[in-house]
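Have a look at protein00.cif below; it lists mmCIF, N, CA and C atoms.
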```
data_structure
#
loop_
_atom_site.group_PDB
_atom_site.id
_atom_site.type_symbol
_atom_site.label_atom_id
_atom_site.label_comp_id
_atom_site.auth_asym_id
_atom_site.auth_seq_id
_atom_site.Cartn_x
_atom_site.Cartn_y
_atom_site.Cartn_z
ATOM 1 N N GLY A 1377 89.456 89.719 164.082
ATOM 2 C CA GLY A 1377 88.699 88.940 163.151
ATOM 3 C C GLY A 1377 87.210 89.153 163.322
ATOM 4 N N LEU A 1378 86.460 88.446 162.541
ATOM 5 C CA LEU A 1378 85.013 88.548 162.548
ATOM 6 C C LEU A 1378 84.440 87.796 163.729
ATOM 7 N N ASP A 1379 83.524 88.451 164.449
ATOM 8 C CA ASP A 1379 82.795 87.770 165.518
ATOM 9 C C ASP A 1379 81.753 86.855 164.885
ATOM 10 N N HIS A 1380 81.536 85.709 165.489
ATOM 11 C CA HIS A 1380 80.554 84.768 164.963
ATOM 12 C C HIS A 1380 79.335 84.673 165.877
ATOM 13 N N ASN A 1381 78.995 85.797 166.530
ATOM 14 C CA ASN A 1381 77.812 85.796 167.377
ATOM 15 C C ASN A 1381 76.567 85.985 166.506
ATOM 16 N N ASP A 1382 75.399 85.786 167.096
ATOM 17 C CA ASP A 1382 74.147 85.852 166.344
ATOM 18 C C ASP A 1382 73.959 87.175 165.616
ATOM 19 N N GLN A 1383 74.285 88.276 166.280
ATOM 20 C CA GLN A 1383 74.103 89.592 165.666
ATOM 21 C C GLN A 1383 75.002 89.758 164.440
ATOM 22 N N SER A 1384 76.251 89.350 164.535
ATOM 23 C CA SER A 1384 77.168 89.457 163.399
ATOM 24 C C SER A 1384 76.723 88.584 162.237
ATOM 25 N N LEU A 1385 76.296 87.378 162.535
ATOM 26 C CA LEU A 1385 75.845 86.477 161.469
ATOM 27 C C LEU A 1385 74.584 86.996 160.789
ATOM 28 N N ARG A 1386 73.652 87.579 161.563
ATOM 29 C CA ARG A 1386 72.446 88.172 160.963
ATOM 30 C C ARG A 1386 72.828 89.344 160.046
ATOM 31 N N ALA A 1387 73.823 90.135 160.456
ATOM 32 C CA ALA A 1387 74.269 91.261 159.636
ATOM 33 C C ALA A 1387 74.861 90.774 158.319
ATOM 34 N N ILE A 1388 75.619 89.697 158.352
ATOM 35 C CA ILE A 1388 76.195 89.140 157.129
ATOM 36 C C ILE A 1388 75.099 88.620 156.207
ATOM 37 N N ILE A 1389 74.143 87.915 156.764
ATOM 38 C CA ILE A 1389 73.035 87.394 155.958
ATOM 39 C C ILE A 1389 72.258 88.542 155.328
ATOM 40 N N SER A 1390 72.003 89.590 156.084
ATOM 41 C CA SER A 1390 71.294 90.753 155.561
ATOM 42 C C SER A 1390 72.080 91.390 154.416
ATOM 43 N N LEU A 1391 73.375 91.518 154.575
ATOM 44 C CA LEU A 1391 74.220 92.093 153.532
ATOM 45 C C LEU A 1391 74.209 91.234 152.276
ATOM 46 N N CYS A 1392 74.320 89.930 152.441
ATOM 47 C CA CYS A 1392 74.362 89.010 151.299
ATOM 48 C C CYS A 1392 73.089 89.055 150.468
ATOM 49 N N THR A 1393 71.952 89.334 151.085
ATOM 50 C CA THR A 1393 70.692 89.378 150.344
ATOM 51 C C THR A 1393 70.614 90.568 149.395
ATOM 52 N N GLN A 1394 71.537 91.526 149.528
ATOM 53 C CA GLN A 1394 71.531 92.711 148.679
ATOM 54 C C GLN A 1394 72.281 92.496 147.362
ATOM 55 N N PHE A 1395 72.908 91.340 147.198
ATOM 56 C CA PHE A 1395 73.697 91.057 146.009
ATOM 57 C C PHE A 1395 73.041 89.955 145.194
ATOM 58 N N GLY A 1396 73.335 89.949 143.894
ATOM 59 C CA GLY A 1396 72.798 88.919 143.024
ATOM 60 C C GLY A 1396 73.394 87.553 143.311
ATOM 61 N N LYS A 1397 74.678 87.519 143.607
ATOM 62 C CA LYS A 1397 75.355 86.262 143.889
ATOM 63 C C LYS A 1397 76.529 86.554 144.813
ATOM 64 N N VAL A 1398 76.742 85.681 145.770
ATOM 65 C CA VAL A 1398 77.852 85.826 146.712
ATOM 66 C C VAL A 1398 78.724 84.581 146.600
ATOM 67 N N ARG A 1399 80.011 84.790 146.401
ATOM 68 C CA ARG A 1399 80.963 83.679 146.341
ATOM 69 C C ARG A 1399 81.935 83.815 147.496
ATOM 70 N N MET A 1400 82.166 82.736 148.192
ATOM 71 C CA MET A 1400 83.124 82.713 149.290
ATOM 72 C C MET A 1400 84.077 81.556 149.041
ATOM 73 N N LEU A 1401 85.190 81.863 148.371
ATOM 74 C CA LEU A 1401 86.121 80.821 147.973
ATOM 75 C C LEU A 1401 87.147 80.475 149.046
ATOM 76 N N GLY A 1402 87.257 81.317 150.070
ATOM 77 C CA GLY A 1402 88.188 81.021 151.146
ATOM 78 C C GLY A 1402 89.580 81.573 150.948
ATOM 79 N N SER A 1403 89.825 82.263 149.861
ATOM 80 C CA SER A 1403 91.145 82.821 149.584
ATOM 81 C C SER A 1403 90.991 84.248 149.089
ATOM 82 N N ALA A 1404 91.468 85.203 149.888
ATOM 83 C CA ALA A 1404 91.390 86.606 149.496
ATOM 84 C C ALA A 1404 92.189 86.850 148.220
ATOM 85 N N ALA A 1405 93.364 86.240 148.114
ATOM 86 C CA ALA A 1405 94.208 86.432 146.929
ATOM 87 C C ALA A 1405 93.490 85.939 145.673
ATOM 88 N N LEU A 1406 92.852 84.767 145.754
ATOM 89 C CA LEU A 1406 92.127 84.222 144.605
ATOM 90 C C LEU A 1406 90.933 85.098 144.246
ATOM 91 N N MET A 1407 90.217 85.572 145.248
ATOM 92 C CA MET A 1407 89.065 86.439 144.977
ATOM 93 C C MET A 1407 89.503 87.737 144.295
ATOM 94 N N LEU A 1408 90.614 88.306 144.735
ATOM 95 C CA LEU A 1408 91.095 89.539 144.113
ATOM 96 C C LEU A 1408 91.553 89.291 142.676
ATOM 97 N N CYS A 1409 92.109 88.129 142.407
ATOM 98 C CA CYS A 1409 92.461 87.777 141.025
ATOM 99 C C CYS A 1409 91.203 87.622 140.175
ATOM 100 N N CYS A 1410 90.133 87.112 140.765
ATOM 101 C CA CYS A 1410 88.851 87.026 140.048
ATOM 102 C C CYS A 1410 88.324 88.408 139.711
ATOM 103 N N VAL A 1411 88.483 89.356 140.614
ATOM 104 C CA VAL A 1411 88.088 90.744 140.340
ATOM 105 C C VAL A 1411 88.953 91.315 139.223
ATOM 106 N N ALA A 1412 90.267 91.111 139.311
ATOM 107 C CA ALA A 1412 91.182 91.642 138.303
ATOM 108 C C ALA A 1412 90.882 91.093 136.914
ATOM 109 N N SER A 1413 90.479 89.827 136.841
ATOM 110 C CA SER A 1413 90.212 89.195 135.544
ATOM 111 C C SER A 1413 88.802 89.478 135.037
ATOM 112 N N GLY A 1414 87.945 90.048 135.871
ATOM 113 C CA GLY A 1414 86.566 90.326 135.478
ATOM 114 C C GLY A 1414 85.607 89.179 135.753
ATOM 115 N N ARG A 1415 86.079 88.101 136.358
ATOM 116 C CA ARG A 1415 85.190 86.972 136.679
ATOM 117 C C ARG A 1415 84.240 87.319 137.816
ATOM 118 N N CYS A 1416 84.672 88.224 138.695
ATOM 119 C CA CYS A 1416 83.832 88.729 139.788
ATOM 120 C C CYS A 1416 83.825 90.245 139.709
ATOM 121 N N ASP A 1417 82.695 90.843 140.062
ATOM 122 C CA ASP A 1417 82.584 92.304 140.010
ATOM 123 C C ASP A 1417 83.318 92.986 141.139
ATOM 124 N N SER A 1418 83.220 92.412 142.345
ATOM 125 C CA SER A 1418 83.806 93.107 143.494
ATOM 126 C C SER A 1418 84.137 92.126 144.612
ATOM 127 N N TYR A 1419 84.898 92.636 145.568
ATOM 128 C CA TYR A 1419 85.329 91.857 146.737
ATOM 129 C C TYR A 1419 85.228 92.777 147.939
ATOM 130 N N TRP A 1420 84.723 92.252 149.023
ATOM 131 C CA TRP A 1420 84.570 93.033 150.260
ATOM 132 C C TRP A 1420 84.939 92.142 151.432
ATOM 133 N N GLU A 1421 85.682 92.704 152.372
ATOM 134 C CA GLU A 1421 86.090 91.930 153.551
ATOM 135 C C GLU A 1421 86.330 92.881 154.717
ATOM 136 N N ARG A 1422 85.899 92.449 155.902
ATOM 137 C CA ARG A 1422 86.166 93.207 157.125
ATOM 138 C C ARG A 1422 87.341 92.565 157.846
ATOM 139 N N GLN A 1423 88.228 93.405 158.308
ATOM 140 C CA GLN A 1423 89.338 93.007 159.163
ATOM 141 C C GLN A 1423 90.180 91.865 158.585
ATOM 142 N N ILE A 1424 90.517 91.999 157.313
ATOM 143 C CA ILE A 1424 91.397 91.037 156.644
ATOM 144 C C ILE A 1424 92.845 91.441 156.911
ATOM 145 N N GLY A 1425 93.714 90.470 157.030
ATOM 146 C CA GLY A 1425 95.131 90.761 157.219
ATOM 147 C C GLY A 1425 95.716 91.381 155.963
ATOM 148 N N LEU A 1426 96.445 92.464 156.128
ATOM 149 C CA LEU A 1426 97.047 93.152 154.993
ATOM 150 C C LEU A 1426 97.936 92.199 154.192
ATOM 151 N N TRP A 1427 98.590 91.273 154.871
ATOM 152 C CA TRP A 1427 99.452 90.301 154.206
ATOM 153 C C TRP A 1427 98.658 89.374 153.288
ATOM 154 N N ASP A 1428 97.362 89.219 153.530
ATOM 155 C CA ASP A 1428 96.522 88.349 152.710
ATOM 156 C C ASP A 1428 96.052 89.009 151.417
ATOM 157 N N VAL A 1429 96.139 90.336 151.344
ATOM 158 C CA VAL A 1429 95.570 91.031 150.189
ATOM 159 C C VAL A 1429 96.555 91.912 149.422
ATOM 160 N N ALA A 1430 97.746 92.115 149.930
ATOM 161 C CA ALA A 1430 98.681 93.058 149.310
ATOM 162 C C ALA A 1430 98.972 92.716 147.848
ATOM 163 N N ALA A 1431 99.366 91.488 147.568
ATOM 164 C CA ALA A 1431 99.691 91.103 146.195
ATOM 165 C C ALA A 1431 98.439 91.131 145.305
ATOM 166 N N GLY A 1432 97.318 90.661 145.840
ATOM 167 C CA GLY A 1432 96.071 90.667 145.077
ATOM 168 C C GLY A 1432 95.635 92.075 144.703
ATOM 169 N N LEU A 1433 95.831 93.038 145.614
ATOM 170 C CA LEU A 1433 95.489 94.428 145.300
ATOM 171 C C LEU A 1433 96.381 94.977 144.193
ATOM 172 N N ALA A 1434 97.651 94.600 144.211
ATOM 173 C CA ALA A 1434 98.559 95.033 143.138
ATOM 174 C C ALA A 1434 98.076 94.500 141.788
ATOM 175 N N ILE A 1435 97.583 93.277 141.770
ATOM 176 C CA ILE A 1435 97.067 92.678 140.531
ATOM 177 C C ILE A 1435 95.791 93.392 140.084
ATOM 178 N N VAL A 1436 94.901 93.711 141.032
ATOM 179 C CA VAL A 1436 93.670 94.447 140.706
ATOM 180 C C VAL A 1436 94.012 95.796 140.082
ATOM 181 N N VAL A 1437 94.925 96.531 140.697
ATOM 182 C CA VAL A 1437 95.308 97.852 140.185
ATOM 183 C C VAL A 1437 95.969 97.729 138.810
ATOM 184 N N ALA A 1438 96.839 96.741 138.631
ATOM 185 C CA ALA A 1438 97.504 96.542 137.337
ATOM 186 C C ALA A 1438 96.495 96.237 136.236
ATOM 187 N N ALA A 1439 95.382 95.608 136.598
ATOM 188 C CA ALA A 1439 94.335 95.278 135.625
ATOM 189 C C ALA A 1439 93.360 96.436 135.403
ATOM 190 N N GLY A 1440 93.559 97.551 136.107
ATOM 191 C CA GLY A 1440 92.687 98.713 135.933
ATOM 192 C C GLY A 1440 91.580 98.816 136.957
ATOM 193 N N GLY A 1441 91.572 97.932 137.957
ATOM 194 C CA GLY A 1441 90.559 97.966 138.996
ATOM 195 C C GLY A 1441 90.848 99.014 140.052
ATOM 196 N N LYS A 1442 89.940 99.149 140.984
ATOM 197 C CA LYS A 1442 90.040 100.147 142.052
ATOM 198 C C LYS A 1442 89.812 99.478 143.394
ATOM 199 N N PHE A 1443 90.267 100.129 144.466
ATOM 200 C CA PHE A 1443 89.976 99.617 145.800
ATOM 201 C C PHE A 1443 89.880 100.746 146.795
ATOM 202 N N LYS A 1444 89.169 100.478 147.883
ATOM 203 C CA LYS A 1444 89.101 101.369 149.041
ATOM 204 C C LYS A 1444 89.521 100.546 150.245
ATOM 205 N N MET A 1445 90.288 101.182 151.109
ATOM 206 C CA MET A 1445 90.791 100.484 152.284
ATOM 207 C C MET A 1445 90.585 101.386 153.492
ATOM 208 N N GLY A 1446 90.148 100.789 154.591
ATOM 209 C CA GLY A 1446 89.979 101.530 155.827
ATOM 210 C C GLY A 1446 91.310 101.736 156.526
ATOM 211 N N GLU A 1447 91.240 102.224 157.725
ATOM 212 C CA GLU A 1447 92.432 102.462 158.533
ATOM 213 C C GLU A 1447 93.132 101.138 158.832
ATOM 214 N N ILE A 1448 94.446 101.134 158.684
ATOM 215 C CA ILE A 1448 95.237 99.945 159.003
ATOM 216 C C ILE A 1448 95.456 99.927 160.510
ATOM 217 N N LEU A 1449 94.988 98.876 161.158
ATOM 218 C CA LEU A 1449 95.085 98.762 162.609
ATOM 219 C C LEU A 1449 96.465 98.270 163.030
ATOM 220 N N GLU A 1450 96.738 98.331 164.318
ATOM 221 C CA GLU A 1450 98.044 97.920 164.842
ATOM 222 C C GLU A 1450 98.398 96.491 164.470
ATOM 223 N N ASP A 1451 97.396 95.612 164.389
ATOM 224 C CA ASP A 1451 97.650 94.210 164.035
ATOM 225 C C ASP A 1451 97.655 93.990 162.520
ATOM 226 N N LEU A 1452 97.697 95.088 161.757
ATOM 227 C CA LEU A 1452 97.760 95.084 160.293
ATOM 228 C C LEU A 1452 96.517 94.488 159.639
ATOM 229 N N ARG A 1453 95.380 94.643 160.301
ATOM 230 C CA ARG A 1453 94.104 94.232 159.709
ATOM 231 C C ARG A 1453 93.388 95.474 159.194
ATOM 232 N N VAL A 1454 92.547 95.266 158.192
ATOM 233 C CA VAL A 1454 91.946 96.402 157.507
ATOM 234 C C VAL A 1454 90.603 95.989 156.892
ATOM 235 N N ASP A 1455 89.680 96.946 156.799
ATOM 236 C CA ASP A 1455 88.457 96.753 156.027
ATOM 237 C C ASP A 1455 88.805 97.082 154.582
ATOM 238 N N LEU A 1456 88.307 96.287 153.643
ATOM 239 C CA LEU A 1456 88.739 96.421 152.259
ATOM 240 C C LEU A 1456 87.595 96.158 151.299
ATOM 241 N N GLU A 1457 87.603 96.894 150.203
ATOM 242 C CA GLU A 1457 86.695 96.644 149.098
ATOM 243 C C GLU A 1457 87.468 96.867 147.810
ATOM 244 N N ALA A 1458 87.331 95.975 146.866
ATOM 245 C CA ALA A 1458 87.968 96.113 145.560
ATOM 246 C C ALA A 1458 86.931 95.792 144.497
ATOM 247 N N ALA A 1459 87.083 96.430 143.338
ATOM 248 C CA ALA A 1459 86.132 96.201 142.247
ATOM 249 C C ALA A 1459 86.821 96.429 140.911
ATOM 250 N N CYS A 1460 86.215 95.874 139.861
ATOM 251 C CA CYS A 1460 86.807 96.036 138.539
ATOM 252 C C CYS A 1460 86.634 97.463 138.003
ATOM 253 N N THR A 1461 85.656 98.212 138.514
ATOM 254 C CA THR A 1461 85.500 99.629 138.168
ATOM 255 C C THR A 1461 85.103 100.410 139.417
ATOM 256 N N SER A 1462 85.432 101.690 139.443
ATOM 257 C CA SER A 1462 85.142 102.503 140.623
ATOM 258 C C SER A 1462 83.649 102.631 140.879
ATOM 259 N N SER A 1463 82.815 102.497 139.855
ATOM 260 C CA SER A 1463 81.362 102.616 140.051
ATOM 261 C C SER A 1463 80.800 101.469 140.897
ATOM 262 N N LEU A 1464 81.554 100.384 141.031
ATOM 263 C CA LEU A 1464 81.096 99.257 141.832
ATOM 264 C C LEU A 1464 81.577 99.326 143.274
ATOM 265 N N LEU A 1465 82.348 100.335 143.635
ATOM 266 C CA LEU A 1465 82.780 100.508 145.023
ATOM 267 C C LEU A 1465 81.629 101.153 145.776
ATOM 268 N N VAL A 1466 80.934 100.388 146.604
ATOM 269 C CA VAL A 1466 79.699 100.868 147.206
ATOM 270 C C VAL A 1466 79.754 100.977 148.724
ATOM 271 N N SER A 1467 80.814 100.508 149.357
ATOM 272 C CA SER A 1467 80.854 100.501 150.809
ATOM 273 C C SER A 1467 81.162 101.889 151.358
ATOM 274 N N ARG A 1468 81.051 101.996 152.645
ATOM 275 C CA ARG A 1468 81.343 103.258 153.333
ATOM 276 C C ARG A 1468 82.676 103.175 154.047
ATOM 277 N N ILE A 1469 83.635 102.522 153.446
ATOM 278 C CA ILE A 1469 84.970 102.396 154.037
ATOM 279 C C ILE A 1469 85.667 103.737 153.946
ATOM 280 N N HIS A 1470 86.230 104.162 155.056
ATOM 281 C CA HIS A 1470 86.983 105.418 155.090
ATOM 282 C C HIS A 1470 88.364 105.121 155.636
ATOM 283 N N GLY A 1471 89.373 105.698 154.996
ATOM 284 C CA GLY A 1471 90.762 105.487 155.414
ATOM 285 C C GLY A 1471 91.224 106.454 156.451
#
```
Transcribe the structure of this file into structure tokens.
Amino acid sequence: GLDHNDQSLRAIISLCTQFGKVRMLGSAALMLCCVASGRCDSYWERQIGLWDVAAGLAIVVAAGGKFKMGEILEDLRVDLEAACTSSLLVSRIHG
């Protein structure tokens, strides 16, 4: 999971300042549905459980969206980015 030390929190704050608006609803599945419906442009998460995003990613793809996923770790956690169009995939996630 995400470390909550000072350095990690500063990195998150720095990242958030690069976006027009940041929404944190607390549900990866709901956020991915927002991407699929066009209510949100993109979704990004570090070390999310694959079980938390699998169905949401299927919905994003069915709606014509795109995603990038990093290497799946032994504990089934992964870095993930999804967006309503491929031009909005901006992270450096590599699988």
Give the answer as one residue: which of A:Phe1443, A:Glu1450, A:Trp1427, A:Asn1381 has the shortest atom-to-atom distance to Val1466 of chain A, using only C-alpha atoms?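 Selected residue with least distance to Val1466 of chain A: A:Phe1443.
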Extract, using all atoms listed in the file, all DNA, RNA and protein residues at most 5 Å from Gln1423 of chain A, discarding same-chain residues fewer than 6 positions from it, and format them as a compact mmCIF listing (two decimals) with N, CA and C atoms, in the frame of the given file.
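Output saved as out-v2.txt:
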```
# COMPACT_ATOMS: atom_id res chain seq x y z
N ARG A 1453 95.38 94.64 160.30
CA ARG A 1453 94.10 94.23 159.71
C ARG A 1453 93.39 95.47 159.19
N VAL A 1454 92.55 95.27 158.19
CA VAL A 1454 91.95 96.40 157.51
C VAL A 1454 90.60 95.99 156.89
N ASP A 1455 89.68 96.95 156.80
CA ASP A 1455 88.46 96.75 156.03
C ASP A 1455 88.80 97.08 154.58
```
Counting only N, CA and C atoms, which of A:Val1411, A:Gly1446, A:Ala1434, A:Leu1426 gets nearest to Cys1460 of chain A?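 The shortest atom-to-atom distance to Cys1460 of chain A comes from A:Val1411.
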Rounded to one decimal place, report the atom CA of Val1437 of chain A-atom CA of Ser1463 of chain A distance in Å.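 Straight-line distance from atom CA of Val1437 of chain A to atom CA of Ser1463 of chain A works out to 14.7 Å.
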So, counting only C-alpha atoms, which residue among A:Trp1420, A:Ser1467, A:Leu1408, A:Leu1456 is closest to Gly1441 of chain A?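 The answer is A:Leu1408, which sits nearest to Gly1441 of chain A.
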Backbone-only DSSP, strand (DSSP E) members of chain A, as a ChimeraX atom specification: /A:1418-1425,1442-1445,1453-1459
As an exercise, work out the distance from atom CA of Lys1444 of chain A to atom CA of Gln1383 of chain A in Å and give it to one decimal place.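 So the two atoms, atom CA of Lys1444 of chain A and atom CA of Gln1383 of chain A, lie 25.3 Å apart.
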Taking the DSSP secondary structure from the backbone, can you list the residues of chain A that are alpha helix (DSSP H), as a PyMOL selection string? chain A and resi 1382-1392+1404-1413+1426-1438
Point-to-point distance from atom CA of Ala1412 of chain A to atom CA of Ala1438 of chain A, Å rounded to tenths: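 Answer for the atom CA of Ala1412 of chain A to atom CA of Ala1438 of chain A separation: 8.1 Å.
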Considering only N, CA and C atoms, can you say which of A:Asp1417, A:His1380, A:Ile1389, A:Arg1422 comes closest to Ala1459 of chain A?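 Result for the nearest residue to Ala1459 of chain A: A:Asp1417.
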Compare A:Ile1448, A:Leu1464, A:Asp1428, A:Glu1457 by their minimum atom-to-atom distance to Ala1405 of chain A, counting only C-alpha atoms, and give me the closest one.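 Among the listed residues, the smallest separation from Ala1405 of chain A belongs to A:Asp1428.
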Best match for closeness to Ile1435 of chain A among A:Cys1409, A:Ala1458, A:Leu1385, A:Ala1404, counting all atoms listed in the file: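 Checking each of A:Cys1409, A:Ala1458, A:Leu1385, A:Ala1404 against Ile1435 of chain A, counting all atoms listed in the file, the winner is A:Cys1409.
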Which centre and which edge lengths, in Å to one decimal, describe the axis-aligned box that holds all listed atoms of segment 1449-1453 of chain A after 6 Å is added on each side, as JSON?
```
{"center_x": 95.9, "center_y": 96.4, "center_z": 162.0, "size_x": 17.0, "size_y": 16.9, "size_z": 17.6}
```
